[in-house]
Structures are given as C-alpha cells and as structure tokens.
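Have a look at protein33.csv below; it lists CSV, C-alpha atoms.
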chain,number,residue,atom,x,y,z
D,1,MET,CA,51.7,-2.9,-53.2
D,2,ARG,CA,54.7,-4.0,-51.0
D,3,ILE,CA,52.6,-3.5,-47.9
D,4,LEU,CA,49.8,-5.6,-49.4
D,5,LEU,CA,52.3,-8.5,-50.2
D,6,LEU,CA,53.7,-8.4,-46.7
D,7,ALA,CA,50.2,-8.7,-45.3
D,8,LEU,CA,49.5,-11.7,-47.5
D,9,VAL,CA,52.7,-13.4,-46.4
D,10,ALA,CA,51.8,-12.9,-42.7
D,11,CYS,CA,48.4,-14.4,-43.2
D,12,THR,CA,49.7,-17.6,-44.9
D,13,SER,CA,52.9,-18.2,-43.1
D,14,PRO,CA,52.9,-21.5,-41.2
D,15,GLY,CA,53.1,-21.5,-37.4
D,16,PRO,CA,55.3,-23.6,-35.3
D,17,LYS,CA,55.4,-27.3,-36.2
D,18,GLY,CA,53.8,-26.5,-39.6
D,19,GLN,CA,50.4,-25.4,-38.1
D,20,GLY,CA,48.4,-22.6,-39.6
D,21,ALA,CA,48.6,-19.2,-38.1
D,22,GLY,CA,46.5,-18.9,-35.0
D,23,ALA,CA,46.1,-22.6,-34.5
D,24,ASN,CA,48.4,-22.5,-31.5
D,25,ASP,CA,48.0,-18.9,-30.4
D,26,THR,CA,47.8,-20.1,-26.8
D,27,GLY,CA,50.8,-22.4,-27.0
D,28,ASP,CA,54.4,-21.7,-25.8
D,29,ALA,CA,57.5,-21.5,-27.9
D,30,ASN,CA,57.7,-25.3,-28.0
D,31,GLY,CA,54.2,-25.6,-29.3
D,32,ASP,CA,52.7,-27.0,-26.1
D,33,ASP,CA,49.0,-26.1,-25.7
D,34,ASP,CA,48.4,-24.7,-22.2
D,35,SER,CA,44.9,-23.3,-23.0
D,36,ALA,CA,43.4,-25.5,-20.2
D,37,ASP,CA,45.6,-23.8,-17.6
D,38,ASP,CA,44.8,-20.4,-19.0
D,39,GLY,CA,41.1,-21.1,-18.8
D,40,ALA,CA,41.3,-21.8,-15.1
D,41,ASP,CA,42.3,-18.2,-14.5
D,42,ASP,CA,40.3,-16.6,-17.3
D,43,THR,CA,37.7,-14.3,-15.9
D,44,SER,CA,36.0,-14.0,-19.2
D,45,ALA,CA,34.6,-17.5,-18.6
D,46,ASP,CA,31.8,-15.9,-16.6
D,47,ASP,CA,30.8,-13.4,-19.3
D,48,THR,CA,28.0,-15.6,-20.6
D,49,ALA,CA,26.8,-16.7,-17.1
D,50,ASP,CA,23.5,-15.5,-15.7
D,51,PRO,CA,24.0,-12.5,-13.5
D,52,THR,CA,23.3,-12.8,-9.8
D,53,PRO,CA,19.5,-12.3,-9.3
D,54,ILE,CA,18.2,-9.4,-7.2
D,55,VAL,CA,16.0,-11.1,-4.6
D,56,VAL,CA,13.5,-9.1,-2.5
D,57,GLN,CA,12.1,-10.6,0.6
D,58,GLY,CA,9.2,-9.3,2.6
D,59,GLN,CA,6.4,-9.8,5.1
D,60,VAL,CA,2.8,-8.8,5.2
D,61,ALA,CA,1.7,-7.4,8.6
D,62,THR,CA,-1.0,-9.6,10.1
D,63,GLU,CA,-2.0,-8.0,13.3
D,64,ARG,CA,-5.5,-6.9,12.1
D,65,PHE,CA,-6.4,-10.3,10.9
D,66,THR,CA,-7.0,-13.7,12.6
D,67,ASP,CA,-6.4,-15.2,9.2
D,68,LEU,CA,-5.0,-13.4,6.2
D,69,PRO,CA,-7.2,-12.9,3.1
D,70,GLN,CA,-6.8,-15.6,0.5
D,71,GLY,CA,-5.1,-15.0,-2.8
D,72,LEU,CA,-2.7,-12.2,-1.8
D,73,TRP,CA,0.0,-11.2,-4.2
D,74,VAL,CA,2.8,-8.7,-4.3
D,75,SER,CA,3.9,-6.9,-7.5
D,76,ALA,CA,6.9,-4.6,-7.9
D,77,VAL,CA,5.4,-1.8,-10.0
D,78,PRO,CA,7.6,0.9,-11.6
D,79,VAL,CA,6.1,4.3,-10.6
D,80,GLU,CA,7.0,7.3,-12.6
D,81,PHE,CA,6.6,10.3,-10.3
D,82,GLY,CA,5.8,13.7,-11.6
D,83,ARG,CA,3.2,12.4,-14.0
D,84,GLY,CA,0.3,11.7,-11.7
D,85,PRO,CA,2.2,9.4,-10.9
D,86,LEU,CA,2.2,7.1,-13.9
D,87,LEU,CA,2.1,3.3,-13.2
D,88,HIS,CA,4.1,1.1,-15.5
D,89,PRO,CA,3.6,-2.7,-16.0
D,90,ALA,CA,4.9,-4.7,-13.0
D,91,ALA,CA,8.6,-5.7,-13.1
D,92,ALA,CA,8.1,-8.7,-10.9
D,93,SER,CA,5.3,-10.4,-8.9
D,94,GLY,CA,4.7,-13.3,-6.6
D,95,PRO,CA,2.3,-14.9,-4.1
D,96,VAL,CA,2.1,-14.3,-0.4
D,97,ASP,CA,2.2,-17.5,1.7
D,98,SER,CA,0.0,-18.4,4.6
D,99,GLU,CA,2.4,-16.8,7.1
D,100,GLY,CA,2.4,-13.5,5.1
D,101,ARG,CA,5.9,-14.0,3.5
D,102,PHE,CA,6.8,-13.3,-0.1
D,103,THR,CA,9.8,-13.3,-2.4
D,104,LEU,CA,10.4,-11.4,-5.7
D,105,THR,CA,13.2,-11.5,-8.2
D,106,LEU,CA,14.1,-8.3,-10.0
D,107,PRO,CA,15.9,-7.9,-13.2
D,108,THR,CA,19.6,-6.8,-12.8
D,109,GLN,CA,18.6,-3.5,-14.4
D,110,PRO,CA,15.2,-2.0,-15.0
D,111,LEU,CA,13.8,-1.5,-18.5
D,112,LEU,CA,14.9,1.7,-20.2
D,113,SER,CA,11.2,2.7,-20.4
D,114,ASP,CA,11.0,2.6,-16.6
D,115,GLN,CA,13.9,5.0,-16.1
D,116,TYR,CA,13.5,8.7,-15.7
D,117,GLU,CA,15.0,11.7,-13.7
D,118,VAL,CA,14.6,10.8,-10.0
D,119,GLY,CA,16.9,13.5,-8.6
D,120,GLU,CA,19.1,16.3,-9.5
D,121,PHE,CA,22.5,17.6,-8.4
D,122,GLN,CA,24.0,20.4,-10.4
D,123,PRO,CA,25.2,20.1,-13.1
D,124,LEU,CA,24.0,16.4,-13.3
D,125,ASP,CA,20.5,14.9,-13.3
D,126,VAL,CA,20.2,11.5,-11.6
D,127,SER,CA,18.5,8.9,-13.7
D,128,GLY,CA,17.0,5.8,-12.2
D,129,ALA,CA,13.8,3.9,-11.6
D,130,THR,CA,11.4,3.8,-8.6
D,131,LEU,CA,9.5,0.7,-7.9
D,132,VAL,CA,6.7,0.4,-5.3
D,133,LEU,CA,5.5,-2.9,-3.9
D,134,PHE,CA,1.7,-3.2,-4.5
D,135,LEU,CA,-0.2,-5.7,-2.3
D,136,HIS,CA,-3.3,-7.0,-4.2
D,137,ALA,CA,-5.5,-10.0,-4.7
D,138,SER,CA,-4.7,-12.3,-7.6
D,139,ASP,CA,-5.0,-15.8,-9.0
D,140,GLY,CA,-1.6,-15.5,-10.6
D,141,ASP,CA,-1.6,-12.2,-12.5
D,142,ALA,CA,0.5,-9.2,-11.7
D,143,TYR,CA,-1.0,-6.0,-10.5
D,144,ALA,CA,-3.0,-4.1,-13.2
D,145,GLU,CA,-4.1,-0.5,-12.9
D,146,TYR,CA,-7.5,0.0,-11.2
D,147,ASP,CA,-7.2,-3.3,-9.3
D,148,PRO,CA,-8.1,-2.8,-5.7
D,149,ILE,CA,-5.0,-1.7,-3.8
D,150,LEU,CA,-4.6,-3.6,-0.5
D,151,GLY,CA,-1.3,-2.1,0.5
D,152,LEU,CA,1.7,-0.1,-0.7
D,153,ALA,CA,5.3,0.0,0.7
D,154,LEU,CA,5.6,3.8,0.6
D,155,ASP,CA,8.5,3.9,3.1
D,156,GLN,CA,10.4,1.1,1.5
D,157,MET,CA,10.5,1.8,-2.2
D,158,LEU,CA,12.9,-0.1,-4.5
D,159,VAL,CA,15.2,2.2,-6.4
D,160,TRP,CA,17.7,1.7,-9.1
D,161,LEU,CA,20.3,4.5,-9.8
D,162,ASP,CA,22.6,4.9,-12.7
D,163,GLY,CA,25.6,5.8,-10.7
D,164,THR,CA,25.8,9.6,-11.3
D,165,ALA,CA,25.5,10.6,-7.7
D,166,PRO,CA,27.9,8.5,-5.6
D,167,ASP,CA,29.5,11.6,-4.1
D,168,HIS,CA,26.1,12.4,-2.5
D,169,ASP,CA,25.9,9.0,-0.8
D,170,TRP,CA,23.3,7.7,-3.3
D,171,PRO,CA,24.3,4.2,-4.1
D,172,ALA,CA,24.4,3.0,-7.7
D,173,GLY,CA,22.3,0.0,-8.6
D,174,TRP,CA,19.4,-1.5,-6.6
D,175,SER,CA,18.6,-0.5,-3.0
D,176,VAL,CA,15.7,0.2,-0.7
D,177,VAL,CA,14.8,3.9,0.0
D,178,ASP,CA,12.7,5.8,2.4
D,179,SER,CA,12.0,9.3,0.9
D,180,GLY,CA,9.5,10.3,3.5
D,181,MET,CA,6.3,9.5,1.4
D,182,ALA,CA,4.6,7.5,4.1
D,183,GLY,CA,2.1,9.2,6.3
D,184,THR,CA,1.7,13.0,6.5
D,185,TYR,CA,4.1,16.0,6.4
D,186,ASP,CA,3.9,19.7,7.4
D,187,GLY,CA,1.2,19.3,10.0
D,188,GLY,CA,-1.1,16.8,8.3
D,189,ARG,CA,-0.5,17.4,4.6
D,190,CYS,CA,-0.7,14.4,2.2
D,191,LEU,CA,1.7,14.0,-0.7
D,192,SER,CA,0.1,12.5,-3.9
D,193,ASP,CA,2.9,13.2,-6.4
D,194,THR,CA,6.2,14.9,-6.8
D,195,ARG,CA,8.6,15.6,-9.6
D,196,LEU,CA,11.7,14.5,-7.6
D,197,PRO,CA,10.6,11.5,-5.5
D,198,LEU,CA,13.9,11.2,-3.7
D,199,GLN,CA,14.4,14.9,-2.9
D,200,TRP,CA,11.0,16.3,-2.2
D,201,ARG,CA,11.5,16.6,1.6
D,202,SER,CA,14.1,19.0,3.1
D,203,GLU,CA,14.7,17.1,6.3
D,204,SER,CA,18.2,15.7,6.6
D,205,ALA,CA,16.8,12.2,7.3
D,206,TYR,CA,15.6,11.7,3.7
D,207,PRO,CA,16.4,10.0,1.5
D,208,SER,CA,17.6,7.0,3.5
D,209,PHE,CA,19.1,4.0,1.6
D,210,ASP,CA,19.4,0.4,2.7
D,211,PRO,CA,20.7,-2.6,0.8
D,212,ILE,CA,18.2,-5.0,-0.6
D,213,GLU,CA,20.1,-8.0,0.6
D,214,GLY,CA,19.3,-8.6,4.3
D,215,THR,CA,16.4,-6.1,4.3
D,216,THR,CA,12.9,-7.5,5.0
D,217,LEU,CA,10.3,-5.2,3.4
D,218,THR,CA,7.1,-4.8,5.4
D,219,LEU,CA,3.6,-4.3,3.8
D,220,ALA,CA,0.6,-3.3,5.8
D,221,LEU,CA,-2.9,-4.4,4.7
D,222,PRO,CA,-5.2,-1.3,5.1
D,223,GLY,CA,-6.9,-1.9,1.9
D,224,ALA,CA,-8.6,-5.1,3.1
D,225,ALA,CA,-11.6,-5.2,5.4
D,226,ALA,CA,-11.1,-6.9,8.8
D,227,ASP,CA,-13.8,-8.1,11.1
D,228,LEU,CA,-15.2,-5.4,13.5
D,229,ASP,CA,-16.9,-6.2,16.8
D,230,VAL,CA,-18.7,-3.3,18.3
D,231,SER,CA,-19.8,-3.5,22.0
D,232,ALA,CA,-21.3,-1.0,24.3
D,233,THR,CA,-22.6,-0.7,27.9
D,234,VAL,CA,-26.2,0.6,28.0
D,235,ALA,CA,-27.2,2.8,30.9
D,236,PRO,CA,-30.8,3.0,32.2
D,237,LEU,CA,-33.0,4.1,29.3
D,238,PRO,CA,-35.6,6.9,29.3
D,239,GLU,CA,-39.1,5.6,29.4
D,240,GLY,CA,-40.3,4.3,26.1
D,241,VAL,CA,-36.9,4.2,24.4
D,242,ASP,CA,-36.5,0.6,23.3
D,243,ARG,CA,-34.4,0.5,20.1
D,244,LEU,CA,-31.2,1.7,18.5
D,245,ALA,CA,-30.6,2.2,14.8
D,246,ALA,CA,-27.4,3.1,12.9
D,247,LEU,CA,-28.9,5.7,10.5
D,248,PRO,CA,-27.2,7.2,7.5
D,249,TYR,CA,-25.6,10.6,8.2
D,250,ASP,CA,-27.9,12.4,5.7
D,251,VAL,CA,-31.0,10.9,7.3
D,252,VAL,CA,-30.0,12.4,10.7
D,253,PHE,CA,-28.5,15.7,9.6
D,254,ALA,CA,-30.0,16.5,6.2
D,255,GLY,CA,-33.5,15.1,6.5
D,256,ALA,CA,-33.1,12.4,3.8
D,257,GLU,CA,-35.5,9.5,3.9
D,258,SER,CA,-33.3,6.8,2.6
D,259,PRO,CA,-31.3,4.6,2.6
D,260,GLU,CA,-32.1,2.1,5.2
D,261,PRO,CA,-30.3,1.8,8.6
D,262,ALA,CA,-27.1,-0.3,8.6
D,263,TRP,CA,-28.3,-1.7,12.0
D,264,ASP,CA,-31.5,-1.8,13.9
D,265,THR,CA,-31.9,-3.7,17.1
D,266,ALA,CA,-34.0,-3.9,20.3
D,267,LEU,CA,-32.4,-2.1,23.2
D,268,SER,CA,-32.3,-2.8,26.9
D,269,GLU,CA,-30.2,-2.0,29.9
D,270,GLY,CA,-26.9,-3.9,30.0
D,271,ALA,CA,-24.6,-5.0,27.1
D,272,LEU,CA,-25.0,-4.4,23.4
D,273,ALA,CA,-22.9,-6.0,20.6
D,274,TRP,CA,-22.8,-5.8,16.8
D,275,SER,CA,-20.5,-7.2,14.1
D,276,PRO,CA,-21.3,-5.4,10.9
D,277,THR,CA,-20.9,-7.2,7.6
D,278,ALA,CA,-23.3,-5.6,5.1
D,279,ILE,CA,-21.9,-3.2,2.5
D,280,PRO,CA,-23.8,0.1,2.5
D,281,PRO,CA,-25.5,1.2,-0.7
D,282,ASP,CA,-23.7,3.9,-2.8
D,283,GLU,CA,-26.3,6.5,-1.8
D,284,ALA,CA,-25.1,6.3,1.8
D,285,ASP,CA,-21.7,7.9,0.8
D,286,VAL,CA,-21.0,11.3,2.3
D,287,THR,CA,-18.4,12.2,-0.3
D,288,GLN,CA,-18.4,12.2,-4.0
D,289,SER,CA,-14.6,12.0,-4.3
D,290,PRO,CA,-13.6,9.7,-7.1
D,291,TYR,CA,-10.6,8.6,-5.1
D,292,TRP,CA,-11.8,7.5,-1.7
D,293,ARG,CA,-15.5,7.0,-0.9
D,294,TYR,CA,-17.0,6.3,2.5
D,295,ALA,CA,-20.4,6.2,4.3
D,296,LEU,CA,-21.1,7.4,7.8
D,297,TYR,CA,-23.8,6.0,10.1
D,298,VAL,CA,-25.1,7.7,13.3
D,299,PRO,CA,-26.1,5.4,16.2
D,300,LEU,CA,-29.3,6.7,17.7
D,301,THR,CA,-31.7,5.4,20.4
D,302,TYR,CA,-35.3,5.9,19.6
D,303,MET,CA,-38.9,5.1,20.7
D,304,ASP,CA,-40.5,2.7,18.3
D,305,GLY,CA,-43.7,4.2,16.9
D,306,GLY,CA,-43.3,7.4,18.8
D,307,PRO,CA,-45.4,8.4,21.8
D,308,ASP,CA,-48.7,8.2,19.9
D,309,GLY,CA,-47.8,5.6,17.2
D,310,GLU,CA,-47.8,1.9,16.9
D,311,ALA,CA,-44.6,0.0,17.3
D,312,ASP,CA,-43.6,-2.0,14.2
D,313,GLY,CA,-40.3,-3.4,15.3
D,314,GLY,CA,-38.0,-1.2,13.2
D,315,TRP,CA,-37.1,2.3,12.3
D,316,THR,CA,-39.5,4.5,10.3
D,317,PRO,CA,-39.6,8.3,9.8
D,318,ASP,CA,-42.5,8.3,12.3
D,319,ASP,CA,-40.3,7.0,15.1
D,320,THR,CA,-38.9,9.4,17.7
D,321,PRO,CA,-35.2,9.5,18.4
D,322,ASP,CA,-34.3,10.7,21.9
D,323,GLY,CA,-30.8,11.9,20.9
D,324,GLY,CA,-28.9,9.1,22.7
D,325,THR,CA,-25.9,7.8,20.8
D,326,PHE,CA,-22.6,5.9,21.2
D,327,CYS,CA,-19.8,7.7,23.1
D,328,SER,CA,-16.3,6.5,23.8
D,329,ALA,CA,-15.0,5.9,27.3
D,330,ASP,CA,-13.7,9.5,27.2
D,331,GLY,CA,-17.1,10.9,26.4
D,332,ASP,CA,-16.5,11.6,22.7
D,333,ARG,CA,-19.4,10.9,20.4
D,334,VAL,CA,-18.6,8.3,17.8
D,335,MET,CA,-20.0,7.1,14.5
D,336,LEU,CA,-19.7,4.0,12.3
D,337,ARG,CA,-17.8,4.5,9.1
D,338,TYR,CA,-17.6,2.2,6.1
D,339,SER,CA,-14.7,3.0,3.7
D,340,ARG,CA,-14.9,1.5,0.3
D,341,PRO,CA,-12.0,-0.3,-1.5
D,342,VAL,CA,-9.5,2.0,-3.3
D,343,THR,CA,-8.5,1.4,-6.9
D,344,ASN,CA,-6.0,4.2,-7.6
D,345,TRP,CA,-2.9,5.8,-6.1
D,346,GLN,CA,-4.7,9.0,-5.0
D,347,GLY,CA,-7.4,7.2,-3.1
D,348,TYR,CA,-4.8,5.0,-1.3
D,349,LYS,CA,-2.8,8.0,-0.3
D,350,LEU,CA,-5.8,9.7,1.2
D,351,MET,CA,-6.7,6.6,3.2
D,352,GLU,CA,-3.1,6.0,4.3
D,353,CYS,CA,-2.6,9.7,5.3
D,354,GLN,CA,-5.6,9.5,7.6
D,355,GLY,CA,-4.6,6.2,9.1
D,356,GLY,CA,-7.7,4.6,7.6
D,357,THR,CA,-8.6,1.1,6.5
D,358,VAL,CA,-11.2,-0.3,4.1
D,359,GLY,CA,-14.4,-1.7,5.8
D,360,TRP,CA,-16.2,-0.9,9.0
D,361,ARG,CA,-14.6,1.2,11.7
D,362,VAL,CA,-15.6,3.1,14.8
D,363,VAL,CA,-14.6,6.8,14.4
D,364,SER,CA,-14.6,10.0,16.4
D,365,ARG,CA,-14.3,13.5,15.2
D,366,THR,CA,-10.9,15.0,14.8
D,367,ASP,CA,-9.9,18.6,15.6
D,368,ALA,CA,-10.0,19.3,11.9
D,369,GLY,CA,-13.7,18.3,11.8
D,370,LEU,CA,-13.2,15.0,10.0
D,371,TRP,CA,-14.7,11.7,11.1
D,372,SER,CA,-11.5,9.9,10.9
D,373,GLY,CA,-10.3,9.5,14.5
D,374,TYR,CA,-10.2,5.7,14.4
D,375,LEU,CA,-10.8,3.8,17.6
D,376,ASP,CA,-9.0,0.5,17.7
D,377,GLY,CA,-9.0,-2.6,20.0
D,378,ALA,CA,-10.3,-1.9,23.5
D,379,ASP,CA,-11.3,1.7,22.6
D,380,GLY,CA,-13.8,0.4,20.0
D,381,ASN,CA,-15.2,-2.1,22.4
D,382,ALA,CA,-15.7,0.2,25.4
D,383,LEU,CA,-18.5,2.3,24.1
D,384,VAL,CA,-21.3,3.8,26.2
D,385,VAL,CA,-25.0,4.4,25.5
D,386,ASN,CA,-26.3,7.0,28.0
D,387,ALA,CA,-28.5,9.8,26.7
D,388,GLU,CA,-28.0,11.9,29.9
D,389,THR,CA,-24.2,12.2,29.2
D,390,CYS,CA,-23.9,11.4,25.5
D,391,SER,CA,-26.4,12.6,23.0
D,392,TRP,CA,-26.9,14.7,19.8
Rendering of file as structure tokens:
Amino acid sequence: MRILLLALVACTSPGPKGQGAGANDTGDANGDDDSADDGADDTSADDTADPTPIVVQGQVATERFTDLPQGLWVSAVPVEFGRGPLLHPAAASGPVDSEGRFTLTLPTQPLLSDQYEVGEFQPLDVSGATLVLFLHASDGDAYAEYDPILGLALDQMLVWLDGTAPDHDWPAGWSVVDSGMAGTYDGGRCLSDTRLPLQWRSESAYPSFDPIEGTTLTLALPGAAADLDVSATVAPLPEGVDRLAALPYDVVFAGAESPEPAWDTALSEGALAWSPTAIPPDEADVTQSPYWRYALYVPLTYMDGGPDGEADGGWTPDDTPDGGTFCSADGDRVMLRYSRPVTNWQGYKLMECQGGTVGWRVVSRTDAGLWSGYLDGADGNALVVNAETCSW
C-alpha cells in the first residue's frame, strides 16, 4: 500500500512554477523551455521522413536499329531462382525515352514475399531478393508473365541482401550483381535455372557487386526484330537457270510440298538484293520446342518449268533446282532463319546463349551442327551465288 501511495503522489505532484508533471520536461531548473534548441539537434526529427529512394538508371542498346521500336518499357521483376525460375509481380517499371534511356525507383526494401535464400555460407544462409530488368513493349503496364521478352539484364541483376554475409564481401542492401548468368559456360552450356543464383559459378570473378548509384545498366534488344537487307553477287548462271527461291528447309531436305517460299525472284548475272518482311507460317518451323521456335529457308537457284516444262514465273514442285545457293565470302553455305518472339524465360535464355535475335537473320552452320552462326553487317551483305563453287 505504501508503494502505491508514493506512486500516486509522484503522479500528482506539481512541477516547477506550479505546472503539472511533464509539462516542462524539456525545461531547465529555472523553468525555461529550450525545446526549440533541442529540436535542432534531435535526430529523431527525421524518423517520419520518407527514406532516400533507390534510383536505377539505364540505357537500351540501339546499334541494331535506326529507330528504336515504339512503346518500350523496363520492369524490375523479382525472379525467384531454383523454382523454374518463378517470376513475381514487377517491383517497379517505367518507359524508355526516344534516346533509349530509362529510370526506375525501387522500394527501400523488397517485399517479404520476394525474399528467399540466394546464397549460403556455413552456418548461415543468405536471404535476399534478385530482380532482373525486363525490356518489353507496353502502353503503361508493368511486365506480365508470357508477354514477349525483348531483353533481359542478365549480367546486371539488382540484388538486395539482408546483411548476413558482409565478411564475404557481399554488401547489405541494394546493389548490382554479375553472377555469370549471361552467355554460355563450360564450353557452350546454357544456364536456365539454379538454386543459388549468386554462387552457381566457381570462377573467382563471380559474383561481382557494384553500387546502384553511379552505375548505368545496359539492356540489349535481341527480342525485337530489326530490318535485314540481304545482298549477293550473282556469278554467270548455267543455261536455263533463271530464278531463285528461298524454300522451307523441309521442302528441300524432307520432300515436303508446303509451305510456300519466303522469297521467289527472277535471277540474272550481277547484283541481287532482298529485304524480308513477311512472317513465315507456323508449319515452316523446324523445331517443336515450346520455348524458342524458328523457321529455316534454303536459297536455291532453279530452272523455271524444268527442261521440258512451261515456265510459270514462280516455284512449283515441277521446277528443277540446280543446287546453287547462297554462300558467304568465306565459302560457307548459308540459310535464312526467322526466329519467333519469345514469351518465357527458357526461350529467352536459349536465344541469348546462341547469340540470336528475333526476326530474319542470315546464318551459317556451326561446328555443333546448328544453323546459328549469325552473319552480321558486311558479312551478311557480301554473299555469293555461284553454283560451281557453292551448291547443295
């Protein structure tokens, strides 16, 4: 009871100059109120202020395009590796300007639902979030799963770490990381998913961290089709050979009767040029992969109507190919390849690993037997048509 009475007295005792207790807690012994001076040095004044935003700046590579496609957007998508990977809803998104520049603002800390085990150091697991920049087309919406993927920043992921691994030079908070996911590894292998996205490579160069501030992230644009101009020099032609058609692979090598050629043109000695724009029908695809589909076309010179037929001004099964085709300046036979847009992570990784792009390309055959040796620039415009040195 005595303790209770003392407590009541303390609560009701007047303060200096007759004020109630606590009314002048910040005053001095003379009752002067110096709270204004205290507030000037009180760091708690910033407790309710908005935290400093995490600003990401980047640039879309433009070298393949005279003008960038319209409506480009970038979304920072949390990617949970080890589960496919699993794509979460975008954490931030924004438009790309006419010069290819973009700016995103990240939350100071990712959602708890976006965090998972991104690394491990015994006895601790490292928790964090891994965000990948997705380049896509949009009229104002963030990236949604199964939208066509135009580009991914695989060598500049955004990572947030919870601070359990500073002794291993893994910085806490937000940073940019290269964990070696871009391109190929171990002699051409292609990584699709991994349980530990920051530790899957054993080389000492990975992972490599950079601060977000002052780092310009770069996004290539392989998932968008660029214009292709094909040109060739035509050597003297065998007698009667007067046309060239780009025939589907299965028509030439599997005896199929359809689909139609992608290109069919009169042929004469001199220069030949073509700028393909048509999208091949689905039945022209040479792979049934659900991830990355493409069609191959074989350029062949032929005699319209054959030696005993009637010329009709275009390719028919009755026409007679003479085996002449396109070759590179180095003498390698080439084909025309149309790669379709990719709408999932696995398809993009296959395209990126092979150095491919969506749309029409001139390709040669690699040592692995794939028609994925892409000819760019002058190499794709220095082709030769000469049946004596380049034929099937």
Worksheet item: Which residues come within 6 Å of Ser339 in chain D, counting all atoms listed in the file, excluding same-chain residues fewer than 5 positions away, as a list in words?
Response: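 The contact residues come out as Tyr294, Val358 and Gly359 of chain D.
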Dump as a tab-separated table (two decimals), keeping the file's coordinate frame, selection limited to C-alpha atoms:
chain	number	residue	atom	x	y	z
D	294	TYR	CA	-17.00	6.30	2.50
D	358	VAL	CA	-11.20	-0.30	4.10
D	359	GLY	CA	-14.40	-1.70	5.80
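Comparing the minimum interatomic distances between Ile212 in chain D and each of D:Leu152, D:Met303, D:Val159, D:Val132, counting all atoms listed in the file, we find that D:Val159 sits nearest.
A straight line drawn from CA of Pro317 in chain D to CA of Glu257 in chain D is 7.3 Å long.
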Item to complete: Work out how far apart CA of Tyr249 in chain D and CA of Ser192 in chain D are and give it in Å to one decimal.
Response: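 CA of Ser192 in chain D lies at a distance of 28.5 Å from CA of Tyr249 in chain D.
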Worksheet item: Which residue out of D:Gly119, D:Gly347, D:Pro290, D:Gly240 has the minimum interatomic distance to Leu161 in chain D when only C-alpha atoms are used?
Response: D:Gly119
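Among the candidates D:Glu145, D:Ala91, D:Gln354, D:Leu247, the one nearest to Leu370 in chain D when counting only C-alpha atoms is D:Gln354.
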